[in-house]
Amino acid sequence: MARPGLIARFVGSRNGLGFLFMLPAAVFLLCFLTYPLGLGVWLGFTDTTIGRPGIFIGLENYIWLSDDPVFWLSVFNTLLYTTVASVLKFVLGLWLALILNERLPMKNLFRAIILLPWVVPTVLSALAFWWIYDSQFSIISWVLMKWGWIDAPINFLGDPGMARASVIAANVWRGIPFVAISLLAGLQTIPQSLNEAAALDGATSWQRFRRITLPLLTPIIAVVMTFSVLFTFTDFQLIYVLTRGGPVNATHLMATLSFQRAIPGGQLGEGAAIAVAMIPFLLAAILFSFFGLQRRKWQQGGGD
Amino acid sequence: MAPVKFQDVRKSFGSTEVLHGITVDIDEGQFVVLVGPSGCGKSTLLRMLAGLENITSGEIVIGDRVVNALPPKERDIAMVFQNYALYPHITVGENMGFSLSLKGVAKSEIEDRVRPAAEILGLSHLLDRYPRQLSGGQRQRVAMGRAIVRDPQVFLFDEPLSNLDAKLRVSMRTEIKNLHQRLATTTVYVTHDQIEAMTMADKIVVMHDGIVEQVGDPLELYDRPANLFVAGFIGSPAMNLLSGRMDPDDRSIFVTTGGLRLPVGDPGRAAPGRDLVYGVRPEGIHLGGDVPIRIEVVEPTGSETYVVGHLVESPVTCVFRDRIRQKPGEELMVSIDPATVHVFDADSGERLSS
């Protein structure tokens, strides 16, 4: 009896076959996810510019960035943008979700309307906001002037403080549907009888929210807000259409600065380094939600 | 502890009226079971008493207060839900003390009140567990514990045993009944299971299609059902019902549509010439006699034997204390105890025997 060949035995074995089946997925992962990421990280260690392959320069890009006030301004902007926008999205989104969870007439219509900002392409809504924030033709300025509340149009995107507030408002408008609809889905997993039991136990509606709804919703809040923070932190389109980082870099986020330095500026290595500098922040956000808000003891079934 | 009164209570969802004027009096400390098939409105009535559904018209009185407009938390009632509705994110002990902690009662006092309740229910060793870690029966007990700690005016139970297996259901039945005897709190208990109703209740309210069919203590309902619905609903196996008319010449004989002549002890208001229904419970049929039953199925349970068969064209079920040697397809001669016979009007379903 001839021994089956090495290949035949490999294919025949359970693990070998499993490996073969997983190979396409692994190749896909390596080519399309790991390679670009790895290339980006590598570029950050070189002095590549457009049209000239670079050489390895170690941490020089990062040392250079650590002395660059514009870079630090963009870090500050990104943190401010992410924090304020995420908090607003959470509070307003939760509020909307709670309202939509009540018995309302035409509930489905309202839910569909809520989703609209999320469905519209970002560039399109950014253009709309650009028009709304226009320094001369802004509808907001126009209405306020009609009412006699202000005398001159507001310079929404020209003043650093106003510009920051304006882009945050646009981001909140765009991000609320995701938070609201996800939290609404979470609210609907909480059995109605728990609220009824709490009502019979003597809870006021605030106590029911604080002691039943909110704790039961935390796992979903954790997931939704992690995603929301990641999306906001890496936001690019809104800023690029509305302000391109101006005025005087007041709205430059790390993502927009990275793009500006790398593509229009041609400094691929430096741009990549800025992008790589975002990774620690993102990892921190993910780890925070993973460890801080991971599955609670009460969610784990069985056992002691 | 307080009496409860339903006074012509009605409930409509949109234009559909689901409760058509319910009037029931519940005495202080009584254990009342609302029983009926699903969709009869019994759970809705209970939820209206709890304040979870509003009252379309009529009055609900707890103690001496009309509670129609009171929110649930001011009615001083505790409810055990069908799915237990335990708060999954807090421990058993915290679940039981939840109502107290809402009121801002001190931790030590909450413990002092939770401990005896847990002891009554045998939950003392589980106080630090989460609801997920408990079995169905234990969860059921925690839900009861939560109600006991409240020390409310009225206990409400909404089909509390329907999620348990058959054996546990029987033992929990006893436990709930025991608990009631110990605490003597007015209790309203909803179930679709007439055996639960019979075994636990001081008073049963049989509901059907949004009306009360009959109110009475369990044996009264069993011995003198007010109408065909109650007759068919209470008792297991169900009462045998045969249609026919009274013999025009002899009021002690009922003639079935198949022509069989059966004895009647108490014809009451049964008039000859009207379409009637003859009702006899399975245990009202005895072995030996001149009535032939064609056997279809014999079900021995050990202590008793159920025989399902046909009396001419009508299906009947009998229960005998004796063992039956006859095989399916054979004939069994039986007699009917005339004293246990009920006569109902076929159209109105009303009881005619006195």
# chains A, B, ... in the order shown; residues from 1 in each chain; ligands from 1
$ interface_residues --of "chain B" --to "chain A" --cutoff "7 Å" --atoms "only C-alpha atoms" --output "VMD selection string"
chain B and resid 72 to 73 77 to 78 85 to 89 99 102 130 132 to 133
$ residues_around --residues "region 72-86 of chain A" --least-positions-apart "2" --cutoff "7 Å" --atoms "only C-alpha atoms" --output "list of chain:residue names"
A:Asp68, A:Pro69, A:Val70, A:Leu88, A:Lys89, A:Phe90, A:Ile168, A:Asn171, A:Val172, A:Ser228, A:Val229, A:Thr232, A:Phe233, A:Thr251, A:His252, A:Leu253, A:Met254
$ atom_distance --atom1 "CA of Lys177 (chain B)" --atom2 "CA of Met200 (chain B)"
6.0 Å
$ residues_around --residues "Leu39 (chain A)" --least-positions-apart "2" --cutoff "12 Å" --atoms "only C-alpha atoms" --output "list in words"
Leu30, Cys31, Phe32, Leu33, Thr34, Tyr35, Pro36, Leu37, Val41, Trp42, Leu43, Gly44, Phe45, Thr46, Thr48, Leu268, Gly269, Ala272, Ala273, Ala275 and Val276 of chain A
$ select_by_dssp --residues "region 14-86 of chain B" --states "helix (DSSP H, G or I)" --output "ChimeraX atom specification"
/B:42-50,72-74
$ write_last_selection --atoms "N, CA and C atoms" --output "mmCIF file, in the first residue's frame"
data_model
loop_
_atom_site.group_PDB
_atom_site.id
_atom_site.type_symbol
_atom_site.label_atom_id
_atom_site.label_comp_id
_atom_site.auth_asym_id
_atom_site.auth_seq_id
_atom_site.Cartn_x
_atom_site.Cartn_y
_atom_site.Cartn_z
ATOM 1 N N LYS B 42 -58.754 39.216 30.553
ATOM 2 C CA LYS B 42 -58.383 39.124 31.966
ATOM 3 C C LYS B 42 -57.092 39.870 32.276
ATOM 4 N N SER B 43 -56.102 39.760 31.379
ATOM 5 C CA SER B 43 -54.842 40.473 31.618
ATOM 6 C C SER B 43 -55.043 41.977 31.504
ATOM 7 N N THR B 44 -55.877 42.388 30.562
ATOM 8 C CA THR B 44 -56.163 43.819 30.412
ATOM 9 C C THR B 44 -56.789 44.350 31.696
ATOM 10 N N LEU B 45 -57.717 43.597 32.254
ATOM 11 C CA LEU B 45 -58.375 44.021 33.491
ATOM 12 C C LEU B 45 -57.345 44.173 34.612
ATOM 13 N N LEU B 46 -56.417 43.212 34.686
ATOM 14 C CA LEU B 46 -55.384 43.256 35.724
ATOM 15 C C LEU B 46 -54.482 44.478 35.522
ATOM 16 N N ARG B 47 -54.122 44.733 34.264
ATOM 17 C CA ARG B 47 -53.246 45.870 33.977
ATOM 18 C C ARG B 47 -53.952 47.197 34.250
ATOM 19 N N MET B 48 -55.273 47.193 34.112
ATOM 20 C CA MET B 48 -56.023 48.400 34.452
ATOM 21 C C MET B 48 -56.001 48.605 35.963
ATOM 22 N N LEU B 49 -56.101 47.508 36.698
ATOM 23 C CA LEU B 49 -56.038 47.604 38.156
ATOM 24 C C LEU B 49 -54.655 48.109 38.580
ATOM 25 N N ALA B 50 -53.622 47.675 37.838
ATOM 26 C CA ALA B 50 -52.261 48.082 38.176
ATOM 27 C C ALA B 50 -51.985 49.523 37.754
ATOM 28 N N PRO B 72 -49.520 54.291 38.509
ATOM 29 C CA PRO B 72 -49.239 53.013 39.172
ATOM 30 C C PRO B 72 -48.537 53.166 40.515
ATOM 31 N N LYS B 73 -47.582 54.106 40.582
ATOM 32 C CA LYS B 73 -46.771 54.152 41.794
ATOM 33 C C LYS B 73 -47.536 54.626 43.007
ATOM 34 N N GLU B 74 -48.708 55.245 42.775
ATOM 35 C CA GLU B 74 -49.483 55.710 43.931
ATOM 36 C C GLU B 74 -50.587 54.742 44.314
#
$ residues_around --residues "Val188 (chain B)" --least-positions-apart "5" --cutoff "8 Å" --atoms "only C-alpha atoms" --output "ChimeraX atom specification"
/B:31-34,46,154-157
$ write_last_selection --atoms "N, CA, C and O atoms" --output "JSON list (two decimals), in the first residue's frame"
[["chain", "number", "residue", "atom", "x", "y", "z"],
["B", 31, "PHE", "N", -58.16, 35.68, 47.88],
["B", 31, "PHE", "CA", -57.35, 35.26, 46.74],
["B", 31, "PHE", "C", -58.30, 35.04, 45.58],
["B", 31, "PHE", "O", -59.06, 34.07, 45.56],
["B", 32, "VAL", "N", -58.29, 35.96, 44.64],
["B", 32, "VAL", "CA", -59.23, 35.89, 43.53],
["B", 32, "VAL", "C", -58.48, 35.56, 42.25],
["B", 32, "VAL", "O", -57.44, 36.15, 41.97],
["B", 33, "VAL", "N", -59.00, 34.59, 41.51],
["B", 33, "VAL", "CA", -58.37, 34.22, 40.25],
["B", 33, "VAL", "C", -59.27, 34.66, 39.10],
["B", 33, "VAL", "O", -60.45, 34.35, 39.08],
["B", 34, "LEU", "N", -58.68, 35.42, 38.16],
["B", 34, "LEU", "CA", -59.38, 35.74, 36.92],
["B", 34, "LEU", "C", -58.96, 34.69, 35.91],
["B", 34, "LEU", "O", -57.77, 34.57, 35.61],
["B", 46, "LEU", "N", -56.42, 43.21, 34.69],
["B", 46, "LEU", "CA", -55.38, 43.26, 35.72],
["B", 46, "LEU", "C", -54.48, 44.48, 35.52],
["B", 46, "LEU", "O", -54.13, 45.18, 36.47],
["B", 154, "VAL", "N", -52.32, 45.28, 47.59],
["B", 154, "VAL", "CA", -52.82, 44.20, 46.74],
["B", 154, "VAL", "C", -51.65, 43.59, 45.96],
["B", 154, "VAL", "O", -50.78, 44.30, 45.49],
["B", 155, "PHE", "N", -51.65, 42.27, 45.87],
["B", 155, "PHE", "CA", -50.70, 41.55, 45.01],
["B", 155, "PHE", "C", -51.38, 41.24, 43.69],
["B", 155, "PHE", "O", -52.51, 40.77, 43.68],
["B", 156, "LEU", "N", -50.68, 41.47, 42.60],
["B", 156, "LEU", "CA", -51.21, 41.08, 41.30],
["B", 156, "LEU", "C", -50.28, 40.04, 40.69],
["B", 156, "LEU", "O", -49.06, 40.20, 40.74],
["B", 157, "PHE", "N", -50.85, 39.00, 40.14],
["B", 157, "PHE", "CA", -50.05, 37.98, 39.45],
["B", 157, "PHE", "C", -50.58, 37.85, 38.02],
["B", 157, "PHE", "O", -51.77, 37.61, 37.84]]
$ atom_distance --atom1 "CA of Phe110 (chain A)" --atom2 "CA of Asn54 (chain B)"
26.3 Å
